[in-house]
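Asks: See coords35.pdb below, with PDB, C-alpha atoms, pLDDT in the B column.
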ATOM      1  CA  MET A   4      -6.780 -17.775  -9.386  1.00 59.00           C
ATOM      2  CA  SER A   5      -8.747 -14.942 -10.916  1.00 73.00           C
ATOM      3  CA  ILE A   6     -11.506 -15.651 -13.405  1.00 83.00           C
ATOM      4  CA  LEU A   7     -10.566 -12.493 -15.279  1.00 87.00           C
ATOM      5  CA  LYS A   8      -9.194 -12.937 -18.757  1.00 91.00           C
ATOM      6  CA  VAL A   9      -6.444 -10.363 -19.039  1.00 92.00           C
ATOM      7  CA  PRO A  10      -4.384  -9.645 -22.138  1.00 91.00           C
ATOM      8  CA  SER A  11      -0.787 -10.800 -22.129  1.00 91.00           C
ATOM      9  CA  GLU A  12       1.969  -8.307 -22.841  1.00 92.00           C
ATOM     10  CA  SER A  13       1.906  -9.264 -26.535  1.00 94.00           C
ATOM     11  CA  GLU A  14      -1.901  -8.959 -26.741  1.00 95.00           C
ATOM     12  CA  ALA A  15      -2.283  -5.606 -24.986  1.00 95.00           C
ATOM     13  CA  THR A  16      -3.223  -2.616 -27.116  1.00 95.00           C
ATOM     14  CA  GLY A  17      -3.797   1.106 -26.665  1.00 97.00           C
ATOM     15  CA  LEU A  18      -3.755   2.491 -23.135  1.00 96.00           C
ATOM     16  CA  THR A  19      -3.423  -1.007 -21.646  1.00 96.00           C
ATOM     17  CA  ALA A  20      -0.259  -1.571 -23.678  1.00 96.00           C
ATOM     18  CA  GLU A  21       1.096   1.783 -22.421  1.00 96.00           C
ATOM     19  CA  ILE A  22       0.402   0.781 -18.808  1.00 96.00           C
ATOM     20  CA  TYR A  23       2.098  -2.584 -19.317  1.00 96.00           C
ATOM     21  CA  GLN A  24       5.097  -0.930 -20.967  1.00 96.00           C
ATOM     22  CA  ALA A  25       5.515   1.469 -18.027  1.00 95.00           C
ATOM     23  CA  ASP A  26       5.660  -1.496 -15.612  1.00 93.00           C
ATOM     24  CA  LEU A  27       8.073  -3.366 -17.870  1.00 93.00           C
ATOM     25  CA  GLN A  28      10.393  -0.352 -17.885  1.00 94.00           C
ATOM     26  CA  LEU A  29      10.062   0.277 -14.144  1.00 90.00           C
ATOM     27  CA  MET A  30      10.041  -3.266 -12.765  1.00 88.00           C
ATOM     28  CA  GLY A  31      11.031  -5.567 -15.612  1.00 89.00           C
ATOM     29  CA  TYR A  32       7.686  -7.396 -15.580  1.00 91.00           C
ATOM     30  CA  VAL A  33       3.949  -6.720 -15.533  1.00 94.00           C
ATOM     31  CA  PRO A  34       2.452  -7.766 -12.183  1.00 93.00           C
ATOM     32  CA  SER A  35      -0.855  -9.604 -12.019  1.00 93.00           C
ATOM     33  CA  HIS A  36      -2.447  -6.639 -10.240  1.00 94.00           C
ATOM     34  CA  THR A  37      -1.588  -4.322 -13.140  1.00 95.00           C
ATOM     35  CA  LYS A  38      -3.087  -6.756 -15.629  1.00 95.00           C
ATOM     36  CA  ALA A  39      -6.280  -7.146 -13.617  1.00 94.00           C
ATOM     37  CA  MET A  40      -6.816  -3.456 -12.962  1.00 95.00           C
ATOM     38  CA  SER A  41      -5.884  -2.486 -16.523  1.00 95.00           C
ATOM     39  CA  ILE A  42      -9.014  -4.178 -17.818  1.00 95.00           C
ATOM     40  CA  ASN A  43     -10.377  -0.657 -17.281  1.00 96.00           C
ATOM     41  CA  PRO A  44      -7.249   1.303 -18.227  1.00 97.00           C
ATOM     42  CA  GLU A  45      -8.873   4.715 -17.744  1.00 98.00           C
ATOM     43  CA  ALA A  46      -9.779   3.856 -14.144  1.00 97.00           C
ATOM     44  CA  TYR A  47      -6.265   2.492 -13.565  1.00 96.00           C
ATOM     45  CA  LYS A  48      -4.702   5.714 -14.874  1.00 97.00           C
ATOM     46  CA  ALA A  49      -7.045   7.726 -12.616  1.00 97.00           C
ATOM     47  CA  TRP A  50      -5.902   5.540  -9.693  1.00 95.00           C
ATOM     48  CA  GLN A  51      -2.267   6.273 -10.543  1.00 96.00           C
ATOM     49  CA  ALA A  52      -3.009  10.012 -10.704  1.00 97.00           C
ATOM     50  CA  LEU A  53      -4.705   9.864  -7.299  1.00 97.00           C
ATOM     51  CA  VAL A  54      -1.721   8.099  -5.753  1.00 96.00           C
ATOM     52  CA  LYS A  55       0.658  10.623  -7.314  1.00 97.00           C
ATOM     53  CA  ALA A  56      -1.359  13.519  -5.845  1.00 97.00           C
ATOM     54  CA  ILE A  57      -1.363  11.934  -2.383  1.00 97.00           C
ATOM     55  CA  VAL A  58       2.366  11.112  -2.459  1.00 97.00           C
ATOM     56  CA  SER A  59       3.300  14.602  -3.681  1.00 96.00           C
ATOM     57  CA  SER A  60       1.565  16.068  -0.641  1.00 96.00           C
ATOM     58  CA  LEU A  61       2.210  13.444   2.059  1.00 96.00           C
ATOM     59  CA  GLY A  62       5.700  12.378   1.012  1.00 96.00           C
ATOM     60  CA  LEU A  63       6.848   8.966  -0.190  1.00 96.00           C
ATOM     61  CA  ARG A  64       8.002   7.575   3.185  1.00 97.00           C
ATOM     62  CA  ARG A  65       4.754   8.427   4.960  1.00 97.00           C
ATOM     63  CA  TYR A  66       2.686   7.180   2.032  1.00 97.00           C
ATOM     64  CA  GLU A  67       4.480   3.827   1.970  1.00 96.00           C
ATOM     65  CA  LEU A  68       4.260   3.351   5.747  1.00 97.00           C
ATOM     66  CA  VAL A  69       0.521   4.118   5.737  1.00 97.00           C
ATOM     67  CA  THR A  70       0.100   1.809   2.748  1.00 96.00           C
ATOM     68  CA  LEU A  71       1.936  -1.050   4.450  1.00 94.00           C
ATOM     69  CA  ALA A  72      -0.158  -0.681   7.608  1.00 95.00           C
ATOM     70  CA  ALA A  73      -3.463  -0.499   5.733  1.00 95.00           C
ATOM     71  CA  ALA A  74      -2.571  -3.429   3.468  1.00 93.00           C
ATOM     72  CA  GLN A  75      -1.637  -5.577   6.436  1.00 92.00           C
ATOM     73  CA  ALA A  76      -4.832  -4.704   8.285  1.00 94.00           C
ATOM     74  CA  ILE A  77      -6.889  -5.628   5.209  1.00 93.00           C
ATOM     75  CA  GLY A  78      -4.953  -8.847   4.694  1.00 91.00           C
ATOM     76  CA  SER A  79      -3.662  -7.852   1.272  1.00 90.00           C
ATOM     77  CA  SER A  80      -0.579  -9.927   0.515  1.00 89.00           C
ATOM     78  CA  HIS A  81      -0.483  -8.350  -2.952  1.00 89.00           C
ATOM     79  CA  CYS A  82      -0.014  -4.835  -1.616  1.00 91.00           C
ATOM     80  CA  ARG A  83       2.234  -5.820   1.299  1.00 90.00           C
ATOM     81  CA  LEU A  84       4.673  -7.490  -1.100  1.00 90.00           C
ATOM     82  CA  ALA A  85       4.480  -4.850  -3.838  1.00 89.00           C
ATOM     83  CA  HIS A  86       4.876  -1.951  -1.417  1.00 90.00           C
ATOM     84  CA  GLY A  87       7.465  -3.792   0.630  1.00 90.00           C
ATOM     85  CA  LYS A  88       9.548  -3.908  -2.548  1.00 90.00           C
ATOM     86  CA  LYS A  89       8.854  -0.217  -3.263  1.00 90.00           C
ATOM     87  CA  THR A  90       9.739   0.747   0.305  1.00 93.00           C
ATOM     88  CA  LEU A  91      13.197  -0.826  -0.077  1.00 90.00           C
ATOM     89  CA  ALA A  92      14.029   2.142  -2.302  1.00 91.00           C
ATOM     90  CA  ILE A  93      13.652   4.529   0.645  1.00 94.00           C
ATOM     91  CA  ILE A  94      14.587   2.480   3.738  1.00 94.00           C
ATOM     92  CA  ASP A  95      16.988  -0.399   4.216  1.00 94.00           C
ATOM     93  CA  GLU A  96      15.858  -3.992   4.603  1.00 94.00           C
ATOM     94  CA  GLU A  97      16.714  -4.168   8.302  1.00 95.00           C
ATOM     95  CA  GLU A  98      14.392  -1.272   9.147  1.00 95.00           C
ATOM     96  CA  LEU A  99      11.694  -2.617   6.817  1.00 94.00           C
ATOM     97  CA  LEU A 100      11.907  -6.033   8.484  1.00 94.00           C
ATOM     98  CA  ALA A 101      11.327  -4.391  11.869  1.00 95.00           C
ATOM     99  CA  VAL A 102       8.412  -2.346  10.505  1.00 94.00           C
ATOM    100  CA  ALA A 103       6.860  -5.399   8.851  1.00 93.00           C
ATOM    101  CA  ARG A 104       7.136  -7.517  11.992  1.00 93.00           C
ATOM    102  CA  ASP A 105       5.694  -4.875  14.326  1.00 93.00           C
ATOM    103  CA  TYR A 106       5.854  -1.211  13.387  1.00 95.00           C
ATOM    104  CA  ARG A 107       4.939  -0.276  16.980  1.00 95.00           C
ATOM    105  CA  ASP A 108       8.244  -1.774  18.157  1.00 95.00           C
ATOM    106  CA  ALA A 109      10.436  -0.819  15.180  1.00 96.00           C
ATOM    107  CA  GLY A 110      11.975   2.373  16.574  1.00 96.00           C
ATOM    108  CA  LEU A 111       9.815   4.638  14.413  1.00 97.00           C
ATOM    109  CA  PRO A 112       9.063   8.179  15.574  1.00 97.00           C
ATOM    110  CA  PRO A 113       5.754   8.489  17.497  1.00 97.00           C
ATOM    111  CA  GLU A 114       4.065  10.353  14.643  1.00 98.00           C
ATOM    112  CA  GLU A 115       4.784   7.514  12.183  1.00 98.00           C
ATOM    113  CA  VAL A 116       3.436   4.931  14.624  1.00 98.00           C
ATOM    114  CA  ALA A 117       0.332   7.090  15.127  1.00 98.00           C
ATOM    115  CA  MET A 118      -0.376   7.384  11.409  1.00 98.00           C
ATOM    116  CA  MET A 119       0.101   3.638  10.934  1.00 97.00           C
ATOM    117  CA  ASP A 120      -2.241   2.921  13.880  1.00 97.00           C
ATOM    118  CA  TYR A 121      -4.757   5.265  12.248  1.00 98.00           C
ATOM    119  CA  ALA A 122      -4.445   3.391   8.927  1.00 98.00           C
ATOM    120  CA  VAL A 123      -5.031   0.071  10.688  1.00 96.00           C
ATOM    121  CA  ARG A 124      -8.104   1.409  12.499  1.00 97.00           C
ATOM    122  CA  LEU A 125      -9.488   2.928   9.301  1.00 97.00           C
ATOM    123  CA  SER A 126      -8.941  -0.390   7.505  1.00 96.00           C
ATOM    124  CA  THR A 127     -10.560  -2.531  10.186  1.00 95.00           C
ATOM    125  CA  ASP A 128     -13.228  -0.411  11.905  1.00 95.00           C
ATOM    126  CA  ALA A 129     -13.812   2.843  10.022  1.00 95.00           C
ATOM    127  CA  ALA A 130     -17.452   3.056  11.105  1.00 95.00           C
ATOM    128  CA  ALA A 131     -16.386   3.383  14.754  1.00 96.00           C
ATOM    129  CA  MET A 132     -13.900   6.177  14.121  1.00 95.00           C
ATOM    130  CA  ASN A 133     -14.543   9.596  15.613  1.00 94.00           C
ATOM    131  CA  ASP A 134     -12.789  12.872  16.388  1.00 94.00           C
ATOM    132  CA  ASP A 135     -10.536  11.127  18.928  1.00 94.00           C
ATOM    133  CA  ASP A 136      -8.829   9.270  16.095  1.00 95.00           C
ATOM    134  CA  THR A 137      -7.946  12.409  14.177  1.00 95.00           C
ATOM    135  CA  GLN A 138      -7.217  14.315  17.381  1.00 96.00           C
ATOM    136  CA  HIS A 139      -4.481  11.797  18.174  1.00 96.00           C
ATOM    137  CA  LEU A 140      -2.861  12.604  14.828  1.00 97.00           C
ATOM    138  CA  ARG A 141      -3.128  16.308  15.578  1.00 97.00           C
ATOM    139  CA  ASP A 142      -1.630  15.723  19.060  1.00 97.00           C
ATOM    140  CA  VAL A 143       1.516  14.189  17.526  1.00 97.00           C
ATOM    141  CA  GLY A 144       1.923  17.194  15.231  1.00 97.00           C
ATOM    142  CA  PHE A 145       0.037  16.527  12.010  1.00 97.00           C
ATOM    143  CA  SER A 146      -1.708  19.425  10.262  1.00 97.00           C
ATOM    144  CA  ASP A 147      -5.225  19.177   8.862  1.00 96.00           C
ATOM    145  CA  ARG A 148      -3.783  18.682   5.365  1.00 97.00           C
ATOM    146  CA  GLU A 149      -1.516  15.880   6.587  1.00 97.00           C
ATOM    147  CA  ILE A 150      -4.422  14.223   8.409  1.00 98.00           C
ATOM    148  CA  ALA A 151      -6.486  14.392   5.210  1.00 97.00           C
ATOM    149  CA  ASP A 152      -3.550  12.972   3.211  1.00 98.00           C
ATOM    150  CA  ILE A 153      -3.020  10.096   5.680  1.00 98.00           C
ATOM    151  CA  THR A 154      -6.737   9.336   5.436  1.00 98.00           C
ATOM    152  CA  LEU A 155      -6.632   9.456   1.639  1.00 98.00           C
ATOM    153  CA  ALA A 156      -3.577   7.176   1.527  1.00 98.00           C
ATOM    154  CA  ALA A 157      -5.237   4.579   3.765  1.00 98.00           C
ATOM    155  CA  THR A 158      -8.583   4.715   1.976  1.00 97.00           C
ATOM    156  CA  ALA A 159      -6.913   4.531  -1.426  1.00 96.00           C
ATOM    157  CA  ARG A 160      -5.117   1.384  -0.282  1.00 96.00           C
ATOM    158  CA  ASN A 161      -8.442  -0.051   0.899  1.00 96.00           C
ATOM    159  CA  TYR A 162      -9.937   0.586  -2.550  1.00 96.00           C
ATOM    160  CA  PHE A 163      -7.123  -1.071  -4.474  1.00 95.00           C
ATOM    161  CA  SER A 164      -6.400  -3.938  -2.068  1.00 93.00           C
ATOM    162  CA  ARG A 165     -10.030  -4.891  -1.675  1.00 95.00           C
ATOM    163  CA  ALA A 166     -10.508  -4.900  -5.462  1.00 94.00           C
ATOM    164  CA  LEU A 167      -7.564  -7.293  -5.857  1.00 93.00           C
ATOM    165  CA  LEU A 168      -8.872  -9.545  -3.099  1.00 92.00           C
ATOM    166  CA  ALA A 169     -12.420  -9.550  -4.492  1.00 93.00           C
ATOM    167  CA  LEU A 170     -11.157 -10.453  -7.966  1.00 94.00           C
ATOM    168  CA  ALA A 171      -8.876 -13.224  -6.604  1.00 93.00           C
ATOM    169  CA  VAL A 172      -5.926 -11.747  -8.493  1.00 93.00           C
ATOM    170  CA  ASP A 173      -2.858 -13.996  -8.605  1.00 91.00           C
ATOM    171  CA  LEU A 174      -0.161 -13.128  -6.062  1.00 90.00           C
ATOM    172  CA  ASP A 175       3.226 -12.045  -7.412  1.00 90.00           C
ATOM    173  CA  VAL A 176       6.386 -12.008  -5.340  1.00 89.00           C
ATOM    174  CA  PRO A 177       8.411  -9.088  -6.714  1.00 88.00           C
ATOM    175  CA  PRO A 178      12.002  -9.852  -7.668  1.00 89.00           C
ATOM    176  CA  GLY A 179      14.430  -8.718  -4.981  1.00 87.00           C
ATOM    177  CA  VAL A 180      12.196  -9.494  -1.997  1.00 89.00           C
ATOM    178  CA  THR A 181      14.188 -11.895   0.174  1.00 92.00           C
ATOM    179  CA  ALA A 182      12.529 -14.907   1.781  1.00 92.00           C
ATOM    180  CA  GLU A 183      13.000 -13.283   5.207  1.00 94.00           C
ATOM    181  CA  LEU A 184      11.337 -10.052   4.096  1.00 92.00           C
ATOM    182  CA  GLN A 185       8.548 -11.944   2.339  1.00 90.00           C
ATOM    183  CA  ASP A 186       7.852 -13.869   5.553  1.00 90.00           C
ATOM    184  CA  ALA A 187       7.825 -10.665   7.624  1.00 90.00           C
ATOM    185  CA  LEU A 188       5.518  -8.892   5.181  1.00 91.00           C
ATOM    186  CA  LEU A 189       3.036 -11.752   5.115  1.00 89.00           C
ATOM    187  CA  THR A 190       2.859 -12.459   8.858  1.00 85.00           C
ATOM    188  CA  PRO A 191      -0.118 -10.836  10.629  1.00 77.00           C
ATOM    189  CA  LEU A 192       0.558  -7.925  12.971  1.00 68.00           C
ATOM    190  CA  PRO A 193       0.547  -8.674  16.686  1.00 67.00           C
ATOM    191  CA  ALA A 194      -2.648  -7.460  18.322  1.00 65.00           C
ATOM    192  CA  GLN A 195      -2.478  -4.001  19.871  1.00 59.00           C
ATOM    193  CA  GLY A 196      -1.088  -4.319  23.384  1.00 52.00           C
ATOM    194  CA  ASP A 197       0.615  -7.705  22.801  1.00 48.00           C
TER     195      ASP A 197
END
Can you turn what I pasted into structure tokens?
Replies:
Amino acid sequence: MSILKVPSESEATGLTAEIYQADLQLMGYVPSHTKAMSINPEAYKAWQALVKAIVSSLGLRRYELVTLAAAQAIGSSHCRLAHGKKTLAIIDEEELLAVARDYRDAGLPPEEVAMMDYAVRLSTDAAAMNDDDTQHLRDVGFSDREIADITLAATARNYFSRALLALAVDLDVPPGVTAELQDALLTPLPAQGD
């Protein structure tokens, strides 16, 4: 449980109240991660603007797949569950279950597997990355802009997920996430080559 003292929906004022209201309208509740990160509402709004800029360039499907891979590599249950729920808006649960269990064996196109592998590597061993990592993305057809956007999506997820983990933010299970999907989203990825 987080030591942060966050305002409830009835206590929130100003920009924090606006952020809470947007989540209430979109999701019907205010997740713990919104409350924690809205302690600095200006930074949270800047985060949202960054995500919007990345998604508008990379596309929602690619952004969510990169996000899911990075969040799993980091061990962020918060982001796996939240983005699992968001991903249901663009792919069906059967495909998402396969992706969550092992995206490498989920029938995804090679370029999507490559970008998810890249997100995992960035999230687990960024200091060891070199031109071979980005060259692999180029080899499967990504442009320089797309490679930059994939990198930004994965690093943005690292920023947000690691902040939630460091602050011990309470874990929410979004409404509409089945027990089967929740289990798949929270189970560690098989090791590469397994």
Asks: In Å, how far is it from atom CA of A:Val58 to atom CA of A:Thr37?
Replies: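 Separation between atom CA of A:Val58 and atom CA of A:Thr37: 19.2 Å.
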Asks: Could you list, as a PyMOL selection string, every residue within 10 Å of A:Leu7, counting all atoms listed in the file and ignoring same-chain residues fewer than 6 positions away?
Replies: chain A and resi 38-39+42+170-172
Asks: What is the distance, in Å and to one decimal place, between atom CA of A:Asp135 and atom CA of A:Leu155?
Replies: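 Going from atom CA of A:Asp135 over to atom CA of A:Leu155 covers 17.8 Å.
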Asks: Rounded to one decimal in Å, what is the spacing between atom CA of A:Leu111 and atom CA of A:Asp95?
Replies: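 So the two atoms, atom CA of A:Leu111 and atom CA of A:Asp95, lie 13.4 Å apart.
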Asks: Decode the PyMOL selection byres ((chain A and resi 114) around 8) for the given file into explicit residues and return them as a VMD selection string.
Replies: chain A and resid 112 to 113 115 to 118 140 143 to 145
Asks: Please complete stretch 108-119 of chain A so it has all heavy atoms, and hand it over as a PDB file, in the frame of the given file.
Replies:
ATOM      1  N   ASP A 108       7.010  -1.470  17.430  1.00 95.00           N
ATOM      2  CA  ASP A 108       8.244  -1.774  18.157  1.00 95.00           C
ATOM      3  C   ASP A 108       9.452  -1.720  17.216  1.00 95.00           C
ATOM      4  O   ASP A 108      10.416  -2.446  17.408  1.00 95.00           O
ATOM      5  CB  ASP A 108       8.119  -3.161  18.797  1.00 95.00           C
ATOM      6  CG  ASP A 108       9.240  -3.457  19.786  1.00 95.00           C
ATOM      7  OD1 ASP A 108       9.686  -2.524  20.477  1.00 95.00           O
ATOM      8  OD2 ASP A 108       9.679  -4.626  19.845  1.00 95.00           O
ATOM      9  N   ALA A 109       9.381  -0.869  16.196  1.00 96.00           N
ATOM     10  CA  ALA A 109      10.436  -0.819  15.180  1.00 96.00           C
ATOM     11  C   ALA A 109      11.340   0.403  15.317  1.00 96.00           C
ATOM     12  O   ALA A 109      12.175   0.654  14.458  1.00 96.00           O
ATOM     13  CB  ALA A 109       9.812  -0.845  13.785  1.00 96.00           C
ATOM     14  N   GLY A 110      11.151   1.174  16.386  1.00 96.00           N
ATOM     15  CA  GLY A 110      11.975   2.373  16.574  1.00 96.00           C
ATOM     16  C   GLY A 110      11.543   3.551  15.722  1.00 96.00           C
ATOM     17  O   GLY A 110      12.318   4.496  15.537  1.00 96.00           O
ATOM     18  N   LEU A 111      10.320   3.520  15.215  1.00 97.00           N
ATOM     19  CA  LEU A 111       9.815   4.638  14.413  1.00 97.00           C
ATOM     20  C   LEU A 111       9.456   5.804  15.319  1.00 97.00           C
ATOM     21  O   LEU A 111       9.090   5.614  16.481  1.00 97.00           O
ATOM     22  CB  LEU A 111       8.563   4.216  13.635  1.00 97.00           C
ATOM     23  CG  LEU A 111       8.729   3.136  12.579  1.00 97.00           C
ATOM     24  CD1 LEU A 111       7.371   2.754  11.995  1.00 97.00           C
ATOM     25  CD2 LEU A 111       9.670   3.583  11.475  1.00 97.00           C
ATOM     26  N   PRO A 112       9.511   7.020  14.792  1.00 97.00           N
ATOM     27  CA  PRO A 112       9.063   8.179  15.574  1.00 97.00           C
ATOM     28  C   PRO A 112       7.576   8.039  15.923  1.00 97.00           C
ATOM     29  O   PRO A 112       6.810   7.415  15.172  1.00 97.00           O
ATOM     30  CB  PRO A 112       9.287   9.372  14.643  1.00 97.00           C
ATOM     31  CG  PRO A 112      10.139   8.877  13.528  1.00 97.00           C
ATOM     32  CD  PRO A 112       9.989   7.392  13.460  1.00 97.00           C
ATOM     33  N   PRO A 113       7.155   8.623  17.056  1.00 97.00           N
ATOM     34  CA  PRO A 113       5.754   8.489  17.497  1.00 97.00           C
ATOM     35  C   PRO A 113       4.731   8.904  16.447  1.00 97.00           C
ATOM     36  O   PRO A 113       3.659   8.292  16.346  1.00 97.00           O
ATOM     37  CB  PRO A 113       5.666   9.392  18.725  1.00 97.00           C
ATOM     38  CG  PRO A 113       7.065   9.585  19.182  1.00 97.00           C
ATOM     39  CD  PRO A 113       7.951   9.412  17.982  1.00 97.00           C
ATOM     40  N   GLU A 114       5.036   9.918  15.648  1.00 98.00           N
ATOM     41  CA  GLU A 114       4.065  10.353  14.643  1.00 98.00           C
ATOM     42  C   GLU A 114       3.879   9.306  13.543  1.00 98.00           C
ATOM     43  O   GLU A 114       2.775   9.143  13.011  1.00 98.00           O
ATOM     44  CB  GLU A 114       4.425  11.721  14.057  1.00 98.00           C
ATOM     45  CG  GLU A 114       5.708  11.781  13.274  1.00 98.00           C
ATOM     46  CD  GLU A 114       6.960  12.050  14.117  1.00 98.00           C
ATOM     47  OE1 GLU A 114       6.884  12.022  15.365  1.00 98.00           O
ATOM     48  OE2 GLU A 114       8.018  12.294  13.512  1.00 98.00           O
ATOM     49  N   GLU A 115       4.935   8.570  13.192  1.00 98.00           N
ATOM     50  CA  GLU A 115       4.784   7.514  12.183  1.00 98.00           C
ATOM     51  C   GLU A 115       3.991   6.337  12.741  1.00 98.00           C
ATOM     52  O   GLU A 115       3.156   5.763  12.043  1.00 98.00           O
ATOM     53  CB  GLU A 115       6.150   7.076  11.650  1.00 98.00           C
ATOM     54  CG  GLU A 115       6.804   8.141  10.792  1.00 98.00           C
ATOM     55  CD  GLU A 115       8.135   7.744  10.198  1.00 98.00           C
ATOM     56  OE1 GLU A 115       8.739   6.733  10.624  1.00 98.00           O
ATOM     57  OE2 GLU A 115       8.591   8.456   9.280  1.00 98.00           O
ATOM     58  N   VAL A 116       4.224   5.992  13.991  1.00 98.00           N
ATOM     59  CA  VAL A 116       3.436   4.931  14.624  1.00 98.00           C
ATOM     60  C   VAL A 116       1.967   5.350  14.677  1.00 98.00           C
ATOM     61  O   VAL A 116       1.075   4.560  14.359  1.00 98.00           O
ATOM     62  CB  VAL A 116       3.976   4.599  16.034  1.00 98.00           C
ATOM     63  CG1 VAL A 116       3.046   3.618  16.753  1.00 98.00           C
ATOM     64  CG2 VAL A 116       5.397   4.035  15.950  1.00 98.00           C
ATOM     65  N   ALA A 117       1.711   6.600  15.033  1.00 98.00           N
ATOM     66  CA  ALA A 117       0.332   7.090  15.127  1.00 98.00           C
ATOM     67  C   ALA A 117      -0.376   7.024  13.786  1.00 98.00           C
ATOM     68  O   ALA A 117      -1.538   6.602  13.707  1.00 98.00           O
ATOM     69  CB  ALA A 117       0.316   8.520  15.677  1.00 98.00           C
ATOM     70  N   MET A 118       0.295   7.411  12.709  1.00 98.00           N
ATOM     71  CA  MET A 118      -0.376   7.384  11.409  1.00 98.00           C
ATOM     72  C   MET A 118      -0.604   5.950  10.941  1.00 98.00           C
ATOM     73  O   MET A 118      -1.614   5.650  10.298  1.00 98.00           O
ATOM     74  CB  MET A 118       0.373   8.208  10.360  1.00 98.00           C
ATOM     75  CG  MET A 118       1.668   7.634   9.913  1.00 98.00           C
ATOM     76  SD  MET A 118       2.485   8.690   8.693  1.00 98.00           S
ATOM     77  CE  MET A 118       3.819   7.588   8.248  1.00 98.00           C
ATOM     78  N   MET A 119       0.296   5.040  11.299  1.00 97.00           N
ATOM     79  CA  MET A 119       0.101   3.638  10.934  1.00 97.00           C
ATOM     80  C   MET A 119      -1.035   3.022  11.760  1.00 97.00           C
ATOM     81  O   MET A 119      -1.847   2.264  11.233  1.00 97.00           O
ATOM     82  CB  MET A 119       1.413   2.870  11.076  1.00 97.00           C
ATOM     83  CG  MET A 119       2.461   3.318  10.044  1.00 97.00           C
ATOM     84  SD  MET A 119       4.044   2.476  10.198  1.00 97.00           S
ATOM     85  CE  MET A 119       3.678   0.939   9.322  1.00 97.00           C
TER      86      MET A 119
END
